[in-house]
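Shown next, in structure tokens, is the structure this report addresses.
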Amino acid sequence: MATTHGTGRIGAPRRPAQLLPLLAEADLLDSPAAWGSAATPAGAFRLEPVRPVRDLELLTHWMNDPQVNAYWELAGPADVTAAHLRPQLDGHSSSIPCLGLLDGTPMSYWEIYRADLDALARHYPARPHDTGIHLLIGDGTNRGRGLGTTLLRAVADLVLDNRPRCTRVIAEPDIRNTPSVTAFLNSGFRCSAEIDLPEKRAALMIRERALRNLL
């Protein structure tokens with residue numbers, strides 16, 4: 001999705017280039033940079049939008065972890081990771097890439113996206129402002145102990161707290177990725193359907209705002 005920042009209007013003030021990603025975030029998703037932190041049993045968790053100069057080396061390291069590459073398929077040099085990030089950062093995407101920080105330490109990667117504006121919307125009955133999430137736990141020492149469930153619940157709550165127009169949080173993990181599907185189920189999502197996407201068969205996971213206080 002292309003966003004309009006007003007820089008092309010006659011007489012409009014020019015904005016510093018470094019502000020453009022933040023403006024795109026605000027237009028698209030009410031700016032995850034301003035969502036603040038969530039208290040979880042594991043510590044304080046927050047989302048920090050990716051800045052390639054700062055984060056590319058770390059993300060490339062994570063993408064080359066065999067467990068991550070099995071589903072993300074982005075192993076390789078930094079250029080591969082950069083090419084994946086670039087469309088999300090140039091204002092032509094419905095997605096914002098973020099680091100997940102637990103007590104200030106980067107330990108996960110998230111993509112927060114407008115599912116209703118994404119190609120995914122062709123594969124399920126989307127509603128306006130449906131907000132999707134992709135994630136990976138970057139450090140293997142943080143896997144296999146229930147942390148994914150904790151963080152998924154925290155991020156879904158951050159979305160619902162900060163995006164009042166959003167009534168549902170959406171995800172589509174690979175149906176073969178049993179730990180991921182289980183984490184979504186344990187964090188209050190329900191499996192609405194199995195859907196065939198171009199790159200995988202996915203479990204369509206939905207967390208409803210209306211059921212939030214019952215979970």
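FYI, nothing fancy with the structure tokens labels: chains A, B, ... in order, residues from 1 per chain, ligands from 1 as they appear.
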Exercise. Tell me which protein, DNA and RNA residues are within 9 Å of stretch 29-43 of chain A, counting only C-alpha atoms, leaving out same-chain ones fewer than 5 positions away, and put them as JSON, numbers by chain.
Key: {"A": [22, 23, 24, 48, 49, 94, 95, 96, 98, 102, 103, 112, 113, 114, 129, 131, 147, 150, 151, 154, 155, 157, 158, 159, 161, 162, 163]}
Contact table stretch 69-159 of chain A vs stretch 171-183 of chain A, cut-off 8 Å, shortest pair per residue, only C-alpha atoms, as a Markdown table:
```
| residue | atom | partner | partner_atom | distance |
| --- | --- | --- | --- | --- |
| A:Tyr71 | CA | A:Asp174 | CA | 7.5 |
| A:Gly132 | CA | A:Ala171 | CA | 5.4 |
| A:Ile133 | CA | A:Ala171 | CA | 5.5 |
| A:His134 | CA | A:Ala171 | CA | 6.7 |
| A:Gly146 | CA | A:Ala183 | CA | 7.4 |
| A:Gly148 | CA | A:Ala183 | CA | 5.9 |
| A:Thr149 | CA | A:Ala183 | CA | 4.6 |
| A:Leu152 | CA | A:Ala183 | CA | 7.6 |
```
Quiz prompt | Shell around A:Asp139 at 9 Å using only C-alpha atoms, local window under 6 positions removed, as a list in words | solution =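 Final neighbour list, sorted by chain and number: Trp62, Asp65, Met107 and Ser108 of chain A.
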Quiz item: In terms of the shortest atom-to-atom distance over only C-alpha atoms, which of A:Ala44, A:Leu117, A:Leu136, A:Ala210 is closest to A:Thr105?
Solution: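 Using only C-alpha atoms, the shortest distance to A:Thr105 belongs to A:Ala44.
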